[in-house]
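K.L.:
Right, I'll just put the structure down here and ask away after.
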Amino acid sequence: MIRVEQHTFNPFQENTFLIYDETKEALVVDPGCYFPEEKERFKALVKSKGLNLKGIISTHSHLDHVFGNHFVMNEFNVGLTIHKEDLQTLQLLKFTADKYGIPDVEESPLPTSFIKEGEQIKFGNSVLEVVFVPGHAPGHIAFISHEDKFVINGDCLFQRSIGRTDLPGGNMEQLLKSIRTQLFTLPDDYVVYCGHGPSTTVGDEKANNPFLN
Ligand SMILES: [Zn+2]
Ligand SMILES: [Zn+2]
C-alpha cells in the first residue's frame, strides 16, 4: 500500500508529495523545497522514516515544482523523470525565477529519463500509471494508483478550481479536455492530490467544480 505525504513548500505554497510503500522505497513528486530549512526538513523526513529514495518524478516543470531538484538529486544521488514537453520550462528555471524576483534558485540538473502517457512507474511493490494532462503546462502528466485509488495531479485540477492557463504553453480548452477525459473518467472515490491546496476526490469535483459544470 502506498503512503502519500503532502508537504507544502516555498513562497508559492506548492505541495510536494513523498510517496512510499511497505518496502520503504520512496519517490518524491515535485520537490518544491526552496528555503534552506525546507531542504533540511525534507532530508530529515526521508531519513527519520528510514526511506530509500529512488527518484524524482515531475508532474510538470514550473519553478515552484522544481526548486528542490538540485538539492534532492545531489543529496540522495537520484535521477529526475519528466515528460519531454516540459524540458524547455525546466531549462528556463533561472530565467523565470529572475522574472519573478526569486533569488538563490539552484539550476535543476537535466532529466535522467523521460516518460509519457501509458507508461508505468515502479517502486517497491507499487506501480503508478502515467496519464497526459496538458493545458496548464505543455508536458503536464499525472500519476495514478489504481490499487490505492488516488491520482497526484499537479496543477491540473484543484479543489473547486483548475490550473491557470495564462503561462507559456497554457491552453484552457486543452486543460478542460484533459480533466474531462483523463481525470473525470476515474471512479468517484479516487482521491485527487493537488499541486496547491487541499486534496479532493473525483466525485466531489465532478459535482461541485464550477469550472467544469
Ligand atoms: Zn504549475
Ligand atoms: Zn504550481
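A note on labels: chains of the C-alpha cells are A, B, ... as shown, every chain counts residues from 1, and ligands are counted from 1 in their shown order.
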Once you count only C-alpha atoms and all ligand atoms, which residues end up within 10 Å of ligand 2, and could you hand them over as a VMD selection string?
P.N.:
chain A and resid 12 to 16 30 32 59 to 66 136 154 to 156 163 to 164 194 to 196
K.L.:
Could you name the residues that touch Glu75 (chain A) at 12 Å or less, counting only C-alpha atoms, but leaving out those on the same chain fewer than 3 positions away, as a short mmCIF file (atom, residue, chain, number, x, y, z; two decimals) with N, CA and C atoms, in the first residue's frame?
P.N.:
data_model
loop_
_atom_site.label_atom_id
_atom_site.label_comp_id
_atom_site.auth_asym_id
_atom_site.auth_seq_id
_atom_site.Cartn_x
_atom_site.Cartn_y
_atom_site.Cartn_z
N LYS A 39 14.69 22.49 2.77
CA LYS A 39 15.53 21.40 2.25
C LYS A 39 15.97 20.47 3.38
N GLU A 40 16.34 21.06 4.49
CA GLU A 40 16.76 20.25 5.64
C GLU A 40 15.59 19.45 6.20
N PHE A 42 13.03 18.35 4.51
CA PHE A 42 12.77 17.23 3.60
C PHE A 42 13.77 16.09 3.83
N LYS A 43 15.02 16.46 3.94
CA LYS A 43 16.08 15.47 4.16
C LYS A 43 15.82 14.71 5.47
N ALA A 44 15.47 15.43 6.51
CA ALA A 44 15.22 14.81 7.82
C ALA A 44 14.03 13.87 7.77
N VAL A 46 12.93 12.09 5.16
CA VAL A 46 13.31 10.85 4.49
C VAL A 46 14.14 9.99 5.43
N LYS A 47 15.09 10.64 6.09
CA LYS A 47 15.99 9.89 7.00
C LYS A 47 15.21 9.31 8.18
N LEU A 53 15.08 6.63 -0.95
CA LEU A 53 14.54 7.48 -2.02
C LEU A 53 15.13 7.05 -3.35
N LYS A 54 14.21 6.73 -4.31
CA LYS A 54 14.66 6.17 -5.58
C LYS A 54 14.67 7.18 -6.72
N GLY A 55 13.99 8.32 -6.55
CA GLY A 55 14.00 9.28 -7.65
C GLY A 55 12.96 10.37 -7.50
N GLY A 68 13.47 22.25 -5.62
CA GLY A 68 14.28 21.33 -4.83
C GLY A 68 15.03 20.29 -5.64
N ASN A 69 14.89 20.32 -6.98
CA ASN A 69 15.52 19.27 -7.81
C ASN A 69 17.02 19.13 -7.53
N HIS A 70 17.70 20.28 -7.56
CA HIS A 70 19.16 20.25 -7.41
C HIS A 70 19.55 19.63 -6.07
N PHE A 71 18.92 20.11 -5.01
CA PHE A 71 19.23 19.61 -3.67
C PHE A 71 18.96 18.11 -3.55
N VAL A 72 17.78 17.70 -3.96
CA VAL A 72 17.39 16.29 -3.78
C VAL A 72 18.26 15.36 -4.63
N VAL A 78 19.90 10.70 -6.84
CA VAL A 78 18.80 10.09 -7.59
C VAL A 78 18.57 10.83 -8.90
N GLY A 79 17.81 10.20 -9.79
CA GLY A 79 17.51 10.76 -11.09
C GLY A 79 16.21 11.55 -11.10
#
K.L.:
Which parts of chain A does DSSP call alpha helix (DSSP H) when run on the backbone here, written out as a PyMOL selection string?
P.N.:
chain A and resi 36-48+63-66+69-76+87-91+93-100+172-178+202-208
K.L.:
Atoms to include: C-alpha atoms. Write the selected residues as a short mmCIF file (atom, residue, chain, number, x, y, z; two decimals), in the first residue's frame.
P.N.:
data_model
loop_
_atom_site.label_atom_id
_atom_site.label_comp_id
_atom_site.auth_asym_id
_atom_site.auth_seq_id
_atom_site.Cartn_x
_atom_site.Cartn_y
_atom_site.Cartn_z
CA PRO A 36 17.41 26.07 3.35
CA GLU A 37 15.24 24.99 6.27
CA GLU A 38 12.75 23.39 3.87
CA LYS A 39 15.53 21.40 2.25
CA GLU A 40 16.76 20.25 5.64
CA ARG A 41 13.22 19.38 6.69
CA PHE A 42 12.77 17.23 3.60
CA LYS A 43 16.08 15.47 4.16
CA ALA A 44 15.22 14.81 7.82
CA LEU A 45 11.81 13.42 6.84
CA VAL A 46 13.31 10.85 4.49
CA LYS A 47 15.99 9.89 7.00
CA SER A 48 13.68 9.68 10.01
CA LEU A 63 9.51 26.75 -11.00
CA ASP A 64 7.53 26.13 -7.82
CA HIS A 65 7.57 22.38 -8.51
CA VAL A 66 11.30 22.07 -9.24
CA ASN A 69 15.52 19.27 -7.81
CA HIS A 70 19.16 20.25 -7.41
CA PHE A 71 19.23 19.61 -3.67
CA VAL A 72 17.39 16.29 -3.78
CA MET A 73 19.35 14.91 -6.75
CA ASN A 74 22.67 15.74 -5.12
CA GLU A 75 21.77 14.82 -1.57
CA PHE A 76 20.23 11.44 -2.42
CA LEU A 87 12.03 20.19 -20.77
CA GLN A 88 12.16 23.74 -22.07
CA THR A 89 10.33 25.05 -19.00
CA LEU A 90 12.83 23.24 -16.78
CA GLN A 91 15.75 24.77 -18.65
CA LEU A 93 14.12 27.87 -14.38
CA LYS A 94 16.71 30.55 -13.55
CA PHE A 95 15.35 32.92 -16.17
CA THR A 96 11.81 32.53 -14.83
CA ALA A 97 12.93 32.86 -11.21
CA ASP A 98 14.67 36.15 -12.12
CA LYS A 99 11.46 37.35 -13.73
CA TYR A 100 9.54 36.59 -10.54
CA MET A 172 -7.84 26.50 -21.34
CA GLU A 173 -9.71 24.30 -23.81
CA GLN A 174 -6.98 21.69 -23.62
CA LEU A 175 -6.96 21.78 -19.81
CA LEU A 176 -10.71 21.21 -19.56
CA LYS A 177 -10.43 18.37 -22.05
CA SER A 178 -7.58 16.80 -20.05
CA VAL A 202 -13.02 12.85 -8.39
CA GLY A 203 -16.70 12.63 -7.41
CA ASP A 204 -16.60 15.80 -5.36
CA GLU A 205 -15.09 17.82 -8.20
CA LYS A 206 -17.44 16.33 -10.79
CA ALA A 207 -20.34 17.51 -8.66
CA ASN A 208 -19.03 20.83 -7.39
#
K.L.:
Tell me which of A:Ala137, A:Ile162, A:Leu128, A:Val28 sits closest to ligand 1, counting only C-alpha atoms and all ligand atoms.
P.N.:
A:Ala137
K.L.:
Rank A:Leu110, A:Ala26, A:Ile102, A:Val151 by their smallest atom-to-atom distance to Tyr190 (chain A), using only C-alpha atoms, and report the top residue only.
P.N.:
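Checking each of A:Leu110, A:Ala26, A:Ile102, A:Val151 against Tyr190 (chain A), counting only C-alpha atoms, the winner is A:Val151.
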K.L.:
So, with only C-alpha atoms as the atoms that count, which of A:Gly124, A:Pro134, A:Gly118, A:Pro168 lies closest to Leu27 (chain A)?
P.N.:
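Residue with the minimum atom-to-atom distance to Leu27 (chain A): A:Gly124.
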